[in-house]
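Printed here is query.pdb (PDB, C-alpha atoms):
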```
ATOM      1  CA  GLN D   1     -37.029  78.659 116.165  1.00  0.00           C
ATOM      2  CA  VAL D   2     -33.615  79.217 114.604  1.00  0.00           C
ATOM      3  CA  GLN D   3     -31.713  82.433 115.137  1.00  0.00           C
ATOM      4  CA  LEU D   4     -28.694  83.552 113.171  1.00  0.00           C
ATOM      5  CA  VAL D   5     -26.690  86.554 114.307  1.00  0.00           C
ATOM      6  CA  GLU D   6     -24.006  88.055 112.089  1.00  0.00           C
ATOM      7  CA  SER D   7     -21.128  90.272 113.137  1.00  0.00           C
ATOM      8  CA  GLY D   8     -17.916  91.659 111.715  1.00  0.00           C
ATOM      9  CA  GLY D   9     -19.161  93.974 109.005  1.00  0.00           C
ATOM     10  CA  GLY D  10     -17.788  97.452 108.508  1.00  0.00           C
ATOM     11  CA  SER D  11     -16.012  99.786 106.133  1.00  0.00           C
ATOM     12  CA  VAL D  12     -12.717  98.991 104.460  1.00  0.00           C
ATOM     13  CA  GLN D  13     -10.606 100.322 101.620  1.00  0.00           C
ATOM     14  CA  PRO D  14     -10.224  98.389  98.363  1.00  0.00           C
ATOM     15  CA  GLY D  15      -7.735  95.591  98.798  1.00  0.00           C
ATOM     16  CA  GLY D  16      -8.527  95.277 102.486  1.00  0.00           C
ATOM     17  CA  SER D  17      -9.914  92.383 104.484  1.00  0.00           C
ATOM     18  CA  LEU D  18     -12.817  91.658 106.791  1.00  0.00           C
ATOM     19  CA  ARG D  19     -13.962  88.590 108.660  1.00  0.00           C
ATOM     20  CA  LEU D  20     -17.643  87.956 109.175  1.00  0.00           C
ATOM     21  CA  SER D  21     -18.994  85.646 111.854  1.00  0.00           C
ATOM     22  CA  CYS D  22     -22.403  84.108 112.363  1.00  0.00           C
ATOM     23  CA  VAL D  23     -23.667  82.225 115.388  1.00  0.00           C
ATOM     24  CA  ALA D  24     -26.654  79.921 115.036  1.00  0.00           C
ATOM     25  CA  SER D  25     -28.918  79.041 117.948  1.00  0.00           C
ATOM     26  CA  GLY D  26     -32.363  77.688 118.671  1.00  0.00           C
ATOM     27  CA  SER D  27     -34.184  74.940 120.437  1.00  0.00           C
ATOM     28  CA  GLY D  28     -33.298  71.638 118.847  1.00  0.00           C
ATOM     29  CA  PHE D  29     -31.206  73.316 116.185  1.00  0.00           C
ATOM     30  CA  SER D  30     -28.636  71.065 114.589  1.00  0.00           C
ATOM     31  CA  VAL D  31     -26.296  72.513 112.078  1.00  0.00           C
ATOM     32  CA  ASN D  32     -26.352  71.213 108.551  1.00  0.00           C
ATOM     33  CA  SER D  33     -25.209  73.401 105.706  1.00  0.00           C
ATOM     34  CA  MET D  34     -24.483  77.033 106.429  1.00  0.00           C
ATOM     35  CA  GLY D  35     -23.588  79.835 104.123  1.00  0.00           C
ATOM     36  CA  TRP D  36     -23.556  83.468 103.112  1.00  0.00           C
ATOM     37  CA  SER D  37     -25.411  85.543 100.593  1.00  0.00           C
ATOM     38  CA  ARG D  38     -25.319  89.264  99.884  1.00  0.00           C
ATOM     39  CA  GLN D  39     -27.515  91.999  98.547  1.00  0.00           C
ATOM     40  CA  ALA D  40     -26.198  95.196  97.033  1.00  0.00           C
ATOM     41  CA  PRO D  41     -28.383  98.327  96.856  1.00  0.00           C
ATOM     42  CA  GLY D  42     -31.010  97.985  94.149  1.00  0.00           C
ATOM     43  CA  LYS D  43     -30.024  94.417  93.320  1.00  0.00           C
ATOM     44  CA  GLN D  44     -31.282  90.941  94.141  1.00  0.00           C
ATOM     45  CA  ARG D  45     -29.750  88.806  96.842  1.00  0.00           C
ATOM     46  CA  ASP D  46     -26.932  86.647  95.483  1.00  0.00           C
ATOM     47  CA  PHE D  47     -25.244  83.485  96.678  1.00  0.00           C
ATOM     48  CA  VAL D  48     -21.719  83.951  98.027  1.00  0.00           C
ATOM     49  CA  ALA D  49     -20.538  80.722  99.660  1.00  0.00           C
ATOM     50  CA  ARG D  50     -21.747  77.588 101.394  1.00  0.00           C
ATOM     51  CA  ILE D  51     -20.229  74.908 103.598  1.00  0.00           C
ATOM     52  CA  THR D  52     -21.777  71.538 104.410  1.00  0.00           C
ATOM     53  CA  SER D  53     -21.667  69.684 107.701  1.00  0.00           C
ATOM     54  CA  GLY D  54     -18.949  67.549 106.149  1.00  0.00           C
ATOM     55  CA  GLY D  55     -16.845  70.583 105.329  1.00  0.00           C
ATOM     56  CA  SER D  56     -17.387  70.729 101.569  1.00  0.00           C
ATOM     57  CA  THR D  57     -17.418  74.249 100.218  1.00  0.00           C
ATOM     58  CA  ILE D  58     -18.737  76.042  97.182  1.00  0.00           C
ATOM     59  CA  TYR D  59     -18.245  79.651  96.120  1.00  0.00           C
ATOM     60  CA  ALA D  60     -19.702  82.125  93.698  1.00  0.00           C
ATOM     61  CA  ASP D  61     -17.317  82.757  90.805  1.00  0.00           C
ATOM     62  CA  SER D  62     -17.068  86.413  91.780  1.00  0.00           C
ATOM     63  CA  VAL D  63     -15.448  85.601  95.146  1.00  0.00           C
ATOM     64  CA  LYS D  64     -13.397  82.496  94.366  1.00  0.00           C
ATOM     65  CA  GLY D  65      -9.817  82.865  95.479  1.00  0.00           C
ATOM     66  CA  ARG D  66     -10.621  85.893  97.641  1.00  0.00           C
ATOM     67  CA  PHE D  67     -13.198  84.654 100.169  1.00  0.00           C
ATOM     68  CA  THR D  68     -12.950  81.629 102.435  1.00  0.00           C
ATOM     69  CA  ILE D  69     -15.839  80.080 104.327  1.00  0.00           C
ATOM     70  CA  SER D  70     -15.191  77.973 107.407  1.00  0.00           C
ATOM     71  CA  ARG D  71     -17.078  76.751 110.435  1.00  0.00           C
ATOM     72  CA  ASP D  72     -16.775  75.655 114.030  1.00  0.00           C
ATOM     73  CA  ILE D  73     -19.443  73.008 114.468  1.00  0.00           C
ATOM     74  CA  ALA D  74     -19.029  72.857 118.235  1.00  0.00           C
ATOM     75  CA  LYS D  75     -19.833  76.573 118.404  1.00  0.00           C
ATOM     76  CA  ASN D  76     -22.520  76.528 115.687  1.00  0.00           C
ATOM     77  CA  THR D  77     -20.547  79.295 114.046  1.00  0.00           C
ATOM     78  CA  VAL D  78     -19.693  79.991 110.444  1.00  0.00           C
ATOM     79  CA  TYR D  79     -17.085  82.470 109.248  1.00  0.00           C
ATOM     80  CA  LEU D  80     -16.415  84.319 106.006  1.00  0.00           C
ATOM     81  CA  GLN D  81     -12.879  85.594 105.557  1.00  0.00           C
ATOM     82  CA  MET D  82     -12.915  88.225 102.834  1.00  0.00           C
ATOM     83  CA  ASN D  83      -9.617  89.337 101.319  1.00  0.00           C
ATOM     84  CA  SER D  84      -8.746  91.611  98.403  1.00  0.00           C
ATOM     85  CA  LEU D  85     -12.064  93.361  98.790  1.00  0.00           C
ATOM     86  CA  ARG D  86     -13.405  95.381  95.885  1.00  0.00           C
ATOM     87  CA  PRO D  87     -15.992  98.179  95.718  1.00  0.00           C
ATOM     88  CA  GLU D  88     -18.373  95.750  94.036  1.00  0.00           C
ATOM     89  CA  ASP D  89     -18.307  93.609  97.185  1.00  0.00           C
ATOM     90  CA  THR D  90     -20.247  96.351  98.961  1.00  0.00           C
ATOM     91  CA  ALA D  91     -23.504  94.830 100.180  1.00  0.00           C
ATOM     92  CA  VAL D  92     -25.459  93.601 103.150  1.00  0.00           C
ATOM     93  CA  TYR D  93     -24.179  90.130 103.928  1.00  0.00           C
ATOM     94  CA  TYR D  94     -26.608  87.545 105.268  1.00  0.00           C
ATOM     95  CA  CYS D  95     -25.818  84.357 107.108  1.00  0.00           C
ATOM     96  CA  GLN D  96     -27.949  81.334 106.256  1.00  0.00           C
ATOM     97  CA  GLY D  97     -28.436  78.009 107.969  1.00  0.00           C
ATOM     98  CA  LEU D  98     -30.246  74.863 106.956  1.00  0.00           C
ATOM     99  CA  HIS D  99     -32.375  73.162 109.591  1.00  0.00           C
ATOM    100  CA  LEU D 100     -34.928  70.446 108.874  1.00  0.00           C
ATOM    101  CA  ALA D 101     -34.971  71.275 105.165  1.00  0.00           C
ATOM    102  CA  VAL D 102     -35.679  74.969 105.795  1.00  0.00           C
ATOM    103  CA  TRP D 103     -33.184  77.753 105.137  1.00  0.00           C
ATOM    104  CA  TYR D 104     -33.071  80.456 107.790  1.00  0.00           C
ATOM    105  CA  SER D 105     -31.436  83.837 107.402  1.00  0.00           C
ATOM    106  CA  GLY D 106     -29.984  86.401 109.759  1.00  0.00           C
ATOM    107  CA  GLN D 107     -30.649  90.130 109.784  1.00  0.00           C
ATOM    108  CA  GLY D 108     -27.512  90.929 107.830  1.00  0.00           C
ATOM    109  CA  THR D 109     -24.372  92.959 108.349  1.00  0.00           C
ATOM    110  CA  GLN D 110     -23.220  95.820 106.151  1.00  0.00           C
ATOM    111  CA  VAL D 111     -19.914  95.638 104.310  1.00  0.00           C
ATOM    112  CA  THR D 112     -18.738  98.774 102.542  1.00  0.00           C
ATOM    113  CA  VAL D 113     -15.632  98.853 100.357  1.00  0.00           C
ATOM    114  CA  SER D 114     -14.643 102.363  99.407  1.00  0.00           C
ATOM    115  CA  SER D 115     -11.635 104.605  99.185  1.00  0.00           C
TER
END
```
Show me this structure written as structure tokens.
Amino acid sequence: QVQLVESGGGSVQPGGSLRLSCVASGSGFSVNSMGWSRQAPGKQRDFVARITSGGSTIYADSVKGRFTISRDIAKNTVYLQMNSLRPEDTAVYYCQGLHLAVWYSGQGTQVTVSS
């Protein structure tokens, strides 16, 4: 079974920064693509960013130029550096990992952007 554990959420003022981390573990787990999604109150979960095992990245238009996804394959860890945060970035952020053609998701970490 695959486990994904996020950390690094919190509260920040508009224009601030946060860095999320996610560690993947599990018997036989080998990291393929990993990524982040988010869900704001009363809204559906949306794609944020993804990174492949080869290091290719893709971002939602709403975060391009502000968020950066990266990974440490040796540590099975993926990061999301979030800069220039806006109130509309407030959401629960979920880490996702692809293993044997199945996407797994963590429990989420809250990010609140407010003055």
So that I can check the surroundings of D:Asn83, please list as a tab-separated table (two decimals) with C-alpha atoms, in the frame of the given file every protein, DNA and RNA residue that reaches within 9 Å of it, counting all atoms listed in the file and ignoring chain neighbours fewer than 6 positions away.
```tsv
chain	number	residue	atom	x	y	z
D	15	GLY	CA	-7.74	95.59	98.80
D	16	GLY	CA	-8.53	95.28	102.49
D	17	SER	CA	-9.91	92.38	104.48
D	18	LEU	CA	-12.82	91.66	106.79
D	19	ARG	CA	-13.96	88.59	108.66
D	65	GLY	CA	-9.82	82.86	95.48
D	66	ARG	CA	-10.62	85.89	97.64
D	67	PHE	CA	-13.20	84.65	100.17
D	68	THR	CA	-12.95	81.63	102.44
```
Which residue gives the smallest distance to D:Asn32 among D:Val63, D:Ile69, D:Ser53, D:Tyr93, with only C-alpha atoms counted?
D:Ser53
Nearest residue to D:Asp46 from the set D:Ser21, D:Ser62, D:Ser33, D:Ser115 (distances using all atoms listed in the file)
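Closest candidate: D:Ser62.
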Please indicate the distance in Å from atom CA of D:Gly106 to atom CA of D:Arg71, rounded to one decimal place.
16.1 Å
Can you give me, as an MDAnalysis selection string, the residues this file yields under the PyMOL selection byres ((chain D and resi 79) around 12)?
chainID D and resid 5:9 18:24 34:36 49:51 67:73 75:78 80:82 93:96
Could you tell me how far atom CA of D:Leu100 sits from atom CA of D:Phe29, in Å to one decimal place?
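Computing the Euclidean distance for atom CA of D:Phe29 and atom CA of D:Leu100 yields 8.7 Å.
Among the candidates D:Pro14, D:Val113, D:Ser30, D:Gln44, the one nearest to D:Leu98 when counting all atoms listed in the file is D:Ser30.
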Of the residues D:Ser25, D:Phe47, D:Trp103, D:Lys64, which is the one nearest to D:Ser84, using only C-alpha atoms?
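Distance minimum relative to D:Ser84 lands on D:Lys64.
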Students should find that atom CA of D:Ser105 and atom CA of D:Glu88 are spaced 22.2 Å
Name the residues in contact with D:Thr112 at a cut-off of 9 Å, using only C-alpha atoms, excluding same-chain residues fewer than 4 positions from it; report them as an MDAnalysis selection string.
chainID D and resid 9:13 87 89:92
My list of candidates is D:Ser114, D:Ser37, D:Tyr104, D:Asp61. Which is closest to D:Leu85 when distances are computed with all atoms listed in the file?
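Closest candidate: D:Ser114.
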